[in-house]
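Here is the file data_34.cif (mmCIF, C-alpha atoms and all ligand atoms).
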data_final
loop_
_atom_site.group_PDB
_atom_site.id
_atom_site.type_symbol
_atom_site.label_atom_id
_atom_site.label_comp_id
_atom_site.auth_asym_id
_atom_site.auth_seq_id
_atom_site.Cartn_x
_atom_site.Cartn_y
_atom_site.Cartn_z
ATOM 1 C CA MET A 1 17.716 -7.435 3.034
ATOM 2 C CA GLU A 2 20.877 -8.695 1.497
ATOM 3 C CA LEU A 3 22.099 -9.529 -1.977
ATOM 4 C CA VAL A 4 24.842 -12.117 -1.897
ATOM 5 C CA LEU A 5 27.134 -12.974 -4.795
ATOM 6 C CA ASP A 6 29.128 -16.113 -4.272
ATOM 7 C CA ARG A 7 32.128 -16.856 -6.492
ATOM 8 C CA LEU A 8 30.239 -15.488 -9.473
ATOM 9 C CA THR A 9 31.965 -16.239 -12.773
ATOM 10 C CA LYS A 10 31.206 -15.539 -16.421
ATOM 11 C CA GLN A 11 33.326 -16.943 -19.173
ATOM 12 C CA TYR A 12 32.782 -16.019 -22.824
ATOM 13 C CA LYS A 13 34.633 -18.534 -24.995
ATOM 14 C CA ASN A 14 38.226 -17.836 -23.950
ATOM 15 C CA LYS A 15 37.568 -14.623 -22.016
ATOM 16 C CA ILE A 16 36.798 -14.640 -18.285
ATOM 17 C CA ALA A 17 34.781 -11.431 -17.910
ATOM 18 C CA VAL A 18 33.847 -11.927 -14.237
ATOM 19 C CA ASP A 19 36.166 -14.032 -12.155
ATOM 20 C CA ARG A 20 34.958 -15.750 -8.933
ATOM 21 C CA LEU A 21 33.526 -12.527 -7.590
ATOM 22 C CA SER A 22 32.049 -12.641 -4.079
ATOM 23 C CA LEU A 23 30.204 -9.693 -2.599
ATOM 24 C CA GLU A 24 27.479 -8.844 -0.092
ATOM 25 C CA LEU A 25 25.233 -5.852 -0.757
ATOM 26 C CA LYS A 26 22.947 -4.227 1.817
ATOM 27 C CA PRO A 27 20.757 -1.117 1.319
ATOM 28 C CA GLY A 28 22.919 1.808 0.227
ATOM 29 C CA VAL A 29 24.552 3.222 -2.877
ATOM 30 C CA TYR A 30 27.366 1.171 -4.379
ATOM 31 C CA GLY A 31 29.556 2.780 -7.007
ATOM 32 C CA LEU A 32 31.203 0.339 -9.382
ATOM 33 C CA LEU A 33 34.340 1.764 -10.906
ATOM 34 C CA GLY A 34 36.424 0.111 -13.593
ATOM 35 C CA ALA A 35 38.055 0.683 -16.959
ATOM 36 C CA ASN A 36 36.528 -0.416 -20.275
ATOM 37 C CA GLY A 37 36.239 -4.181 -20.307
ATOM 38 C CA ALA A 38 36.675 -4.617 -16.546
ATOM 39 C CA GLY A 39 33.478 -6.686 -16.439
ATOM 40 C CA LYS A 40 30.998 -4.174 -14.982
ATOM 41 C CA THR A 41 28.208 -4.745 -17.514
ATOM 42 C CA THR A 42 28.666 -8.504 -17.401
ATOM 43 C CA LEU A 43 28.381 -8.447 -13.614
ATOM 44 C CA MET A 44 25.272 -6.259 -13.710
ATOM 45 C CA ARG A 45 23.564 -8.375 -16.358
ATOM 46 C CA MET A 46 24.073 -11.451 -14.211
ATOM 47 C CA ILE A 47 22.682 -9.660 -11.152
ATOM 48 C CA CYS A 48 19.638 -8.701 -13.211
ATOM 49 C CA GLY A 49 19.125 -12.253 -14.399
ATOM 50 C CA VAL A 50 19.509 -11.458 -18.108
ATOM 51 C CA LEU A 51 22.808 -13.313 -18.359
ATOM 52 C CA ARG A 52 23.387 -16.724 -16.864
ATOM 53 C CA PRO A 53 26.575 -17.138 -14.835
ATOM 54 C CA THR A 54 29.057 -19.808 -15.904
ATOM 55 C CA SER A 55 29.327 -20.702 -12.230
ATOM 56 C CA GLY A 56 28.613 -19.235 -8.824
ATOM 57 C CA GLU A 57 25.418 -17.990 -7.183
ATOM 58 C CA ILE A 58 23.347 -14.864 -6.713
ATOM 59 C CA LYS A 59 20.837 -14.806 -3.882
ATOM 60 C CA TYR A 60 18.612 -12.156 -2.383
ATOM 61 C CA ASN A 61 17.348 -13.066 1.082
ATOM 62 C CA GLU A 62 17.929 -16.687 0.112
ATOM 63 C CA ILE A 63 15.893 -16.316 -3.124
ATOM 64 C CA ASP A 64 17.840 -17.439 -6.188
ATOM 65 C CA VAL A 65 17.859 -14.854 -9.006
ATOM 66 C CA SER A 66 16.389 -17.281 -11.505
ATOM 67 C CA GLN A 67 13.070 -17.219 -9.633
ATOM 68 C CA GLU A 68 10.095 -15.110 -10.709
ATOM 69 C CA GLU A 69 9.898 -13.462 -7.286
ATOM 70 C CA TYR A 70 13.261 -11.834 -7.827
ATOM 71 C CA ARG A 71 12.207 -10.033 -11.028
ATOM 72 C CA ASP A 72 9.541 -8.188 -9.075
ATOM 73 C CA ILE A 73 12.071 -6.554 -6.808
ATOM 74 C CA LEU A 74 14.502 -5.553 -9.537
ATOM 75 C CA GLY A 75 14.937 -2.339 -11.511
ATOM 76 C CA TYR A 76 17.497 -2.153 -14.312
ATOM 77 C CA LEU A 77 18.873 0.523 -16.605
ATOM 78 C CA PRO A 78 21.046 -1.261 -19.178
ATOM 79 C CA GLN A 79 24.104 0.472 -20.657
ATOM 80 C CA ASP A 80 22.648 0.326 -24.169
ATOM 81 C CA PHE A 81 19.079 1.095 -23.259
ATOM 82 C CA GLY A 82 16.773 1.110 -26.257
ATOM 83 C CA PHE A 83 13.771 3.458 -26.233
ATOM 84 C CA TYR A 84 10.686 3.441 -28.330
ATOM 85 C CA PRO A 85 11.119 6.679 -30.290
ATOM 86 C CA GLU A 86 7.461 6.967 -31.282
ATOM 87 C CA PHE A 87 6.201 6.555 -27.711
ATOM 88 C CA THR A 88 5.637 9.563 -25.516
ATOM 89 C CA ALA A 89 7.390 9.524 -22.138
ATOM 90 C CA ILE A 90 4.180 8.731 -20.281
ATOM 91 C CA GLU A 91 3.183 5.978 -22.738
ATOM 92 C CA PHE A 92 6.604 4.447 -22.405
ATOM 93 C CA MET A 93 6.441 4.498 -18.607
ATOM 94 C CA CYS A 94 2.990 2.888 -18.595
ATOM 95 C CA TYR A 95 4.199 0.272 -21.038
ATOM 96 C CA MET A 96 7.186 -0.577 -18.804
ATOM 97 C CA GLY A 97 4.767 -0.774 -15.878
ATOM 98 C CA SER A 98 2.597 -3.283 -17.732
ATOM 99 C CA LEU A 99 5.688 -5.376 -18.539
ATOM 100 C CA LYS A 100 6.403 -5.479 -14.814
ATOM 101 C CA GLY A 101 2.856 -6.660 -14.200
ATOM 102 C CA LEU A 102 1.501 -3.501 -12.579
ATOM 103 C CA PRO A 103 -2.268 -2.893 -12.792
ATOM 104 C CA LYS A 104 -3.053 -0.149 -15.340
ATOM 105 C CA GLN A 105 -4.149 2.520 -12.890
ATOM 106 C CA ARG A 106 -1.251 1.864 -10.533
ATOM 107 C CA ALA A 107 1.221 2.059 -13.452
ATOM 108 C CA LYS A 108 -0.239 5.388 -14.543
ATOM 109 C CA GLU A 109 0.032 6.886 -11.047
ATOM 110 C CA LYS A 110 3.555 5.644 -10.594
ATOM 111 C CA ALA A 111 4.551 6.914 -14.068
ATOM 112 C CA VAL A 112 3.296 10.413 -13.277
ATOM 113 C CA GLU A 113 5.091 10.423 -9.924
ATOM 114 C CA LEU A 114 8.396 9.228 -11.385
ATOM 115 C CA LEU A 115 8.351 11.625 -14.331
ATOM 116 C CA GLU A 116 7.915 14.379 -11.780
ATOM 117 C CA MET A 117 10.874 13.056 -9.805
ATOM 118 C CA VAL A 118 13.189 13.185 -12.823
ATOM 119 C CA SER A 119 11.786 16.569 -13.909
ATOM 120 C CA LEU A 120 10.139 15.349 -17.103
ATOM 121 C CA THR A 121 6.552 16.296 -16.265
ATOM 122 C CA GLU A 122 6.454 19.088 -18.791
ATOM 123 C CA VAL A 123 7.521 16.815 -21.636
ATOM 124 C CA ALA A 124 5.535 13.758 -20.504
ATOM 125 C CA LYS A 125 3.367 13.936 -23.630
ATOM 126 C CA LYS A 126 6.239 14.518 -26.063
ATOM 127 C CA LYS A 127 7.653 11.720 -28.171
ATOM 128 C CA ILE A 128 10.927 10.236 -26.954
ATOM 129 C CA LYS A 129 12.576 10.859 -30.333
ATOM 130 C CA THR A 130 12.464 14.588 -29.559
ATOM 131 C CA PHE A 131 14.407 14.129 -26.265
ATOM 132 C CA SER A 132 18.034 15.081 -25.631
ATOM 133 C CA GLY A 133 20.504 12.467 -24.391
ATOM 134 C CA GLY A 134 20.174 13.698 -20.818
ATOM 135 C CA MET A 135 16.373 13.587 -20.941
ATOM 136 C CA LYS A 136 16.471 10.019 -22.250
ATOM 137 C CA GLN A 137 18.872 9.097 -19.484
ATOM 138 C CA ARG A 138 16.519 10.505 -16.855
ATOM 139 C CA LEU A 139 13.632 8.628 -18.441
ATOM 140 C CA GLY A 140 15.797 5.493 -18.278
ATOM 141 C CA ILE A 141 16.223 5.972 -14.546
ATOM 142 C CA ALA A 142 12.498 6.586 -14.104
ATOM 143 C CA GLN A 143 11.506 3.374 -15.935
ATOM 144 C CA ALA A 144 13.895 1.355 -13.764
ATOM 145 C CA LEU A 145 11.915 2.537 -10.737
ATOM 146 C CA ILE A 146 8.405 1.791 -11.992
ATOM 147 C CA ASN A 147 7.971 -1.266 -9.748
ATOM 148 C CA ASN A 148 9.544 0.403 -6.697
ATOM 149 C CA PRO A 149 12.428 -2.104 -6.801
ATOM 150 C CA LYS A 150 14.404 -3.178 -3.763
ATOM 151 C CA ILE A 151 17.429 -3.636 -6.000
ATOM 152 C CA LEU A 152 18.226 -0.935 -8.526
ATOM 153 C CA VAL A 153 20.984 -1.557 -11.071
ATOM 154 C CA LEU A 154 22.115 1.351 -13.234
ATOM 155 C CA ASP A 155 24.787 0.744 -15.870
ATOM 156 C CA GLU A 156 26.522 4.063 -16.648
ATOM 157 C CA PRO A 157 23.487 6.187 -15.823
ATOM 158 C CA THR A 158 25.386 9.473 -15.963
ATOM 159 C CA ALA A 159 26.864 8.998 -19.431
ATOM 160 C CA GLY A 160 25.882 11.998 -21.533
ATOM 161 C CA LEU A 161 24.555 14.121 -18.682
ATOM 162 C CA ASP A 162 25.661 17.743 -18.437
ATOM 163 C CA PRO A 163 26.989 19.027 -15.089
ATOM 164 C CA LYS A 164 23.606 20.393 -14.027
ATOM 165 C CA GLU A 165 21.798 17.159 -14.832
ATOM 166 C CA ARG A 166 24.583 15.234 -13.151
ATOM 167 C CA ILE A 167 23.935 17.041 -9.884
ATOM 168 C CA ARG A 168 20.200 16.474 -10.211
ATOM 169 C CA PHE A 169 20.883 12.795 -10.808
ATOM 170 C CA ARG A 170 23.122 12.501 -7.745
ATOM 171 C CA ASN A 171 20.412 13.949 -5.535
ATOM 172 C CA ILE A 172 17.852 11.470 -6.851
ATOM 173 C CA ILE A 173 20.163 8.515 -6.293
ATOM 174 C CA SER A 174 21.193 9.509 -2.779
ATOM 175 C CA LYS A 175 17.549 9.538 -1.712
ATOM 176 C CA LEU A 176 16.865 6.175 -3.347
ATOM 177 C CA GLY A 177 19.748 4.531 -1.526
ATOM 178 C CA THR A 178 18.238 4.996 1.895
ATOM 179 C CA ASN A 179 15.944 1.967 1.672
ATOM 180 C CA ARG A 180 17.193 -0.097 -1.232
ATOM 181 C CA ILE A 181 20.314 -1.503 -2.818
ATOM 182 C CA VAL A 182 21.523 0.796 -5.595
ATOM 183 C CA LEU A 183 24.397 -0.414 -7.749
ATOM 184 C CA LEU A 184 25.668 1.977 -10.377
ATOM 185 C CA SER A 185 28.642 1.820 -12.695
ATOM 186 C CA THR A 186 30.517 4.720 -14.177
ATOM 187 C CA HIS A 187 33.857 5.942 -15.436
ATOM 188 C CA ILE A 188 33.157 9.303 -13.884
ATOM 189 C CA VAL A 189 35.069 9.369 -10.659
ATOM 190 C CA SER A 190 33.378 12.493 -9.274
ATOM 191 C CA ASP A 191 29.906 10.900 -9.545
ATOM 192 C CA ILE A 192 30.986 7.983 -7.416
ATOM 193 C CA GLU A 193 32.880 10.170 -4.978
ATOM 194 C CA ASN A 194 29.757 12.198 -4.347
ATOM 195 C CA ILE A 195 27.026 9.611 -3.996
ATOM 196 C CA ALA A 196 28.391 6.160 -3.286
ATOM 197 C CA THR A 197 28.484 5.005 0.314
ATOM 198 C CA THR A 198 30.568 2.050 -0.782
ATOM 199 C CA ILE A 199 32.989 2.032 -3.683
ATOM 200 C CA LEU A 200 33.717 -1.134 -5.610
ATOM 201 C CA VAL A 201 36.731 -1.148 -7.890
ATOM 202 C CA MET A 202 36.788 -3.822 -10.555
ATOM 203 C CA LYS A 203 39.706 -4.902 -12.685
ATOM 204 C CA ASN A 204 39.996 -7.901 -14.994
ATOM 205 C CA GLY A 205 36.766 -9.381 -13.671
ATOM 206 C CA GLN A 206 37.769 -9.198 -10.027
ATOM 207 C CA LEU A 207 36.998 -6.814 -7.196
ATOM 208 C CA ILE A 208 40.230 -5.180 -6.165
ATOM 209 C CA HIS A 209 38.650 -2.760 -3.677
ATOM 210 C CA ASN A 210 35.459 -2.687 -1.640
ATOM 211 C CA GLY A 211 34.873 -0.046 0.989
ATOM 212 C CA SER A 212 34.233 3.550 1.912
ATOM 213 C CA LEU A 213 36.014 6.302 -0.005
ATOM 214 C CA ASP A 214 38.354 6.971 2.910
ATOM 215 C CA LYS A 215 39.197 3.336 3.288
ATOM 216 C CA ILE A 216 40.082 2.637 -0.314
ATOM 217 C CA ILE A 217 41.998 5.857 -0.762
ATOM 218 C CA THR A 218 44.221 4.862 2.145
ATOM 219 C CA ALA A 219 45.449 2.019 -0.044
ATOM 220 C CA ILE A 220 47.270 4.433 -2.348
ATOM 221 C CA GLN A 221 48.031 7.251 0.072
ATOM 222 C CA ASP A 222 51.774 6.560 -0.041
ATOM 223 C CA LYS A 223 51.810 6.287 -3.841
ATOM 224 C CA VAL A 224 50.788 9.831 -4.757
ATOM 225 C CA TRP A 225 53.749 12.156 -5.207
ATOM 226 C CA GLU A 226 54.331 15.811 -5.858
ATOM 227 C CA CYS A 227 57.667 17.044 -7.099
ATOM 228 C CA VAL A 228 59.421 19.849 -8.954
ATOM 229 C CA VAL A 229 61.451 18.800 -11.999
ATOM 230 C CA SER A 230 63.118 20.125 -15.133
ATOM 231 C CA GLU A 231 61.359 19.903 -18.480
ATOM 232 C CA GLU A 232 63.644 17.066 -19.494
ATOM 233 C CA LYS A 233 62.890 15.088 -16.370
ATOM 234 C CA ALA A 234 59.155 15.726 -16.796
ATOM 235 C CA ASP A 235 59.246 14.144 -20.274
ATOM 236 C CA GLU A 236 61.129 11.184 -18.891
ATOM 237 C CA PHE A 237 58.656 10.747 -16.018
ATOM 238 C CA ALA A 238 55.685 10.909 -18.380
ATOM 239 C CA LYS A 239 56.931 7.707 -19.998
ATOM 240 C CA ILE A 240 57.177 5.766 -16.747
ATOM 241 C CA TYR A 241 54.567 7.143 -14.348
ATOM 242 C CA PRO A 242 50.883 7.936 -14.634
ATOM 243 C CA ILE A 243 50.914 11.731 -14.427
ATOM 244 C CA ILE A 244 47.959 13.241 -12.597
ATOM 245 C CA ASN A 245 48.777 16.875 -13.079
ATOM 246 C CA VAL A 246 51.392 19.128 -14.689
ATOM 247 C CA ARG A 247 51.829 22.782 -13.851
ATOM 248 C CA GLN A 248 54.560 24.948 -15.308
ATOM 249 C CA GLU A 249 55.930 28.015 -13.593
ATOM 250 C CA GLN A 250 58.812 29.730 -15.398
ATOM 251 C CA GLU A 251 61.580 27.130 -15.772
ATOM 252 C CA GLN A 252 60.122 24.737 -13.210
ATOM 253 C CA ILE A 253 57.582 22.017 -13.682
ATOM 254 C CA PHE A 254 55.361 20.890 -10.809
ATOM 255 C CA LEU A 255 54.278 17.290 -11.248
ATOM 256 C CA ARG A 256 51.724 15.191 -9.456
ATOM 257 C CA LEU A 257 52.040 11.513 -10.256
ATOM 258 C CA VAL A 258 51.475 8.019 -8.934
ATOM 259 C CA SER A 259 54.455 5.824 -8.221
ATOM 260 C CA GLU A 260 55.134 2.767 -6.120
ATOM 261 C CA SER A 261 58.247 4.411 -4.665
ATOM 262 C CA LYS A 262 59.621 7.933 -4.328
ATOM 263 C CA PRO A 263 60.299 9.099 -7.903
ATOM 264 C CA CYS A 264 62.985 11.685 -7.109
ATOM 265 C CA GLU A 265 64.801 13.320 -4.213
ATOM 266 C CA ASN A 266 62.505 16.323 -3.715
ATOM 267 C CA ALA A 267 59.227 14.382 -4.021
ATOM 268 C CA ILE A 268 56.694 14.510 -1.195
ATOM 269 C CA ASN A 269 53.450 12.545 -0.696
ATOM 270 C CA GLY A 270 50.306 14.404 -1.767
ATOM 271 C CA LYS A 271 46.806 13.798 -0.395
ATOM 272 C CA ALA A 272 45.303 10.960 -2.428
ATOM 273 C CA THR A 273 41.918 11.159 -4.159
ATOM 274 C CA LEU A 274 39.717 8.614 -5.909
ATOM 275 C CA GLU A 275 40.927 9.956 -9.243
ATOM 276 C CA ASP A 276 44.485 9.103 -8.231
ATOM 277 C CA LEU A 277 43.358 5.612 -7.347
ATOM 278 C CA TYR A 278 41.669 5.247 -10.731
ATOM 279 C CA LEU A 279 44.825 6.376 -12.522
ATOM 280 C CA TYR A 280 46.954 4.103 -10.409
ATOM 281 C CA TYR A 281 44.991 1.034 -11.450
ATOM 282 C CA PHE A 282 43.792 1.965 -14.910
ATOM 283 C CA SER A 283 46.421 4.216 -16.393
ATOM 284 C CA GLU A 284 47.730 3.403 -19.846
ATOM 285 C CA VAL A 285 51.257 3.453 -18.459
ATOM 286 C CA THR A 286 51.914 -0.211 -17.854
ATOM 287 C CA THR A 287 54.541 -0.123 -15.132
ATOM 288 C CA TYR A 288 52.160 -1.827 -12.683
ATOM 289 C CA GLU A 289 51.088 -4.735 -14.813
HETATM 290 N N1 LIG A 301 28.976 -11.328 -25.504
HETATM 291 C C1 LIG A 301 30.297 -11.319 -25.331
HETATM 292 N N2 LIG A 301 31.094 -12.220 -25.954
HETATM 293 C C2 LIG A 301 32.421 -12.240 -25.752
HETATM 294 N N3 LIG A 301 33.097 -11.401 -24.950
HETATM 295 C C3 LIG A 301 32.375 -10.486 -24.300
HETATM 296 C C4 LIG A 301 30.943 -10.381 -24.440
HETATM 297 N N4 LIG A 301 30.504 -9.377 -23.658
HETATM 298 C C5 LIG A 301 31.595 -8.868 -23.061
HETATM 299 N N5 LIG A 301 32.718 -9.522 -23.432
HETATM 300 C C6 LIG A 301 34.076 -9.264 -22.942
HETATM 301 O O1 LIG A 301 34.065 -9.365 -21.534
HETATM 302 C C7 LIG A 301 34.865 -8.350 -20.939
HETATM 303 C C8 LIG A 301 34.034 -7.517 -19.987
HETATM 304 O O2 LIG A 301 33.076 -6.774 -20.718
HETATM 305 P P1 LIG A 301 32.008 -5.809 -20.028
HETATM 306 O O3 LIG A 301 31.125 -5.290 -21.094
HETATM 307 O O4 LIG A 301 31.385 -6.540 -18.915
HETATM 308 O O5 LIG A 301 32.963 -4.663 -19.468
HETATM 309 P P2 LIG A 301 32.593 -3.227 -18.855
HETATM 310 O O6 LIG A 301 33.361 -3.109 -17.605
HETATM 311 O O7 LIG A 301 31.136 -3.077 -18.788
HETATM 312 O O8 LIG A 301 33.188 -2.230 -19.959
HETATM 313 P P3 LIG A 301 32.678 -0.746 -20.405
HETATM 314 O O9 LIG A 301 33.221 0.182 -19.377
HETATM 315 O O10 LIG A 301 33.323 -0.556 -21.722
HETATM 316 O O11 LIG A 301 31.189 -0.767 -20.474
HETATM 317 C C9 LIG A 301 35.472 -7.564 -22.099
HETATM 318 O O12 LIG A 301 36.756 -8.080 -22.358
HETATM 319 C C10 LIG A 301 34.541 -7.861 -23.244
HETATM 320 O O13 LIG A 301 35.225 -7.792 -24.457
HETATM 321 MG MG MG A 302 29.830 -1.726 -19.548
#

Please express what this file holds, its structure, as structure tokens.
Ligand SMILES: Nc1ncnc2c1ncn2[C@@H]1O[C@H](COP(=O)(O)OP(=O)(O)OP(=O)(O)O)[C@@H](O)[C@H]1O
Ligand SMILES: [Mg+2]
Amino acid sequence: MELVLDRLTKQYKNKIAVDRLSLELKPGVYGLLGANGAGKTTLMRMICGVLRPTSGEIKYNEIDVSQEEYRDILGYLPQDFGFYPEFTAIEFMCYMGSLKGLPKQRAKEKAVELLEMVSLTEVAKKKIKTFSGGMKQRLGIAQALINNPKILVLDEPTAGLDPKERIRFRNIISKLGTNRIVLLSTHIVSDIENIATTILVMKNGQLIHNGSLDKIITAIQDKVWECVVSEEKADEFAKIYPIINVRQEQEQIFLRLVSESKPCENAINGKATLEDLYLYYFSEVTTYE
């Protein structure tokens, strides 16, 4: 069970959104992290066969994605998922099941089971237009699972979820990743930190990191610094370094920042986190470009 991307490329007019990206995915949860415009949605749409690559290949167990067979093993929650506001949750689920070619009775059973899984049983007969953002998001995840897909692609599934729903979501995803490939994108570092077995970091259409949390954090371990500076110095540093944290105590300012080299005499290396890594690569401060 392996999904293989080989030098996958998508070019829109003069913009290369995904750039010769190669990747092998096995069952597990993959967290795709990247700033706005990094190419996450473009990559996911190609994997789901809704966008044709400019060049390169996508194969699952040697099956090319353009084949009918592949659709049957795929579940997808698009970033801009449109619901049918007048449908009830259960009607919507059954409808999605019929689109996936499930027999009516089977679709109904599966719909009931999945609504239970995402804790929407009580509102199954309510119209979607009455749902909150988080409820819609959970319904979006449920519909992506209607055909029990071997490959589940979720584009920003945690956008708009409150902390409680976020935890519920993480638990659902962790379970799903045991016997299928789950690829999810997000800007929310803590979601990825908590559920992804493999973290993929994307920048300018390319994968710049691929590995376990520990492994990719090692890459920036010597770039996270903690130091004590004057207010003046702190202002100066803010212009040149991505600042992770500022804490003021009396006249002193404690800074945590990312820098290629030691920023000042009293600086010491702090323990790096995924958030540091994100800031290092995607901070507005352009010293690393
Ligand atoms: N249909 C399109 N035509 C032209 N350019 C596009 C199109 N879709 C995306 N792009 C460009 O391709 C790049 C990648 O976009 P994409 O939507 O894949 O990024 P993303 O990582 O999903 O961003 P976000 O985090 O904002 O969802 C961006 O520069 C975007 O402007
Ligand atoms: Mg996107």

Give the residues close to ligand MG 302 (chain A), within 9 Å, counting only C-alpha atoms and all ligand atoms; write them as a compact mmCIF listing (two decimals) with C-alpha atoms, in the coordinates of the input.
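Resulting contents of out06.txt:
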# COMPACT_ATOMS: atom_id res chain seq x y z
CA ALA A 35 38.06 0.68 -16.96
CA ASN A 36 36.53 -0.42 -20.27
CA GLY A 37 36.24 -4.18 -20.31
CA ALA A 38 36.67 -4.62 -16.55
CA GLY A 39 33.48 -6.69 -16.44
CA LYS A 40 31.00 -4.17 -14.98
CA THR A 41 28.21 -4.74 -17.51
CA THR A 42 28.67 -8.50 -17.40
CA MET A 44 25.27 -6.26 -13.71
CA PRO A 78 21.05 -1.26 -19.18
CA GLN A 79 24.10 0.47 -20.66
CA ASP A 80 22.65 0.33 -24.17
CA ASP A 155 24.79 0.74 -15.87
CA GLU A 156 26.52 4.06 -16.65
CA SER A 185 28.64 1.82 -12.70
CA THR A 186 30.52 4.72 -14.18

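Among the candidates A:Cys227, A:Ala89, A:Val201, A:Leu23, the residue lying nearest to ligand LIG 301 (chain A) is A:Val201 (atoms considered: only C-alpha atoms and all ligand atoms).
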
Practice task
Check the smallest atom-to-atom distance from each of A:Asp6, A:Glu122, A:Glu91, A:Asp19 to ligand LIG 301 (chain A) using only C-alpha atoms and all ligand atoms, then report the winner.
Solution key: A:Asp19

Problem - Length of the atom CA of A:Ile16 to atom CA of A:Gln206 vector [Å] - result: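 Atom CA of A:Ile16 sits 9.9 Å away from atom CA of A:Gln206.
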
Problem - Shell of 8 Å around A:Ala142, only C-alpha atoms, local chain residues under 6 positions omitted, as a ChimeraX atom specification - result: /A:93,111,114-115,117-118

Exercise for the section: Using the chain letters and numbers from the file, give me the residues hit by the PyMOL selection byres (((chain A and resi 49) around 10) and not hetatm), as a ChimeraX atom specification. Expected result: /A:44-48,50-53,58,64-67,70-71,74

Handout entry: Reference answer for the PyMOL selection byres (((chain A and resi 214) around 10) and not hetatm), as a ChimeraX atom specification
Key = /A:198-199,211-213,215-219,272-274

Exercise for the section: Can you work out which one of A:Leu43, A:Pro27, A:Glu57, A:Lys127 has the shortest atom-to-atom distance to ligand LIG 301 (chain A), counting all atoms listed in the file? Expected result: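 Selected residue with least distance to ligand LIG 301 (chain A): A:Leu43.
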
Practice task
Select all residues near (54.4, 15.9, -7.2) (cut-off 6 Å, inclusive, file coordinates), counting all atoms listed in the file, and output them as number ranges by chain.
Solution key: A: 225-227, 255-257, 267

Practice task
For stretch 229-246 of chain A, work out the shell of residues within 10 Å, counting only C-alpha atoms and skipping chain neighbours fewer than 3 positions away, then give it as a count of residues only.
Solution key: 29

Handout entry: Among the residues A:Pro157, A:Gly205, A:Pro85, A:Gly28, the one that comes closest to ligand LIG 301 (chain A) [using all atoms listed in the file]
Key =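 Of A:Pro157, A:Gly205, A:Pro85, A:Gly28, the one nearest ligand LIG 301 (chain A) is A:Gly205, counting all atoms listed in the file.
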
Practice task
Using only C-alpha atoms, determine which residues lie at most 8 Å from A:Glu24, disregarding the query and same-chain residues fewer than 4 positions distant; provide the list as a PyMOL selection string.
Solution key: chain A and resi 2-5

Handout entry: Pick from A:Val228, A:Val189, A:Leu25, A:Leu32, whichever lies nearest to ligand LIG 301 (chain A) using only C-alpha atoms and all ligand atoms
Key =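 Under the stated criterion, the closest residue is A:Leu32.
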
Handout entry: Separation of atom CA of A:Asn194 from atom CA of A:Ile146 in Å
Key =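 So the two atoms, atom CA of A:Ile146 and atom CA of A:Asn194, lie 25.0 Å apart.
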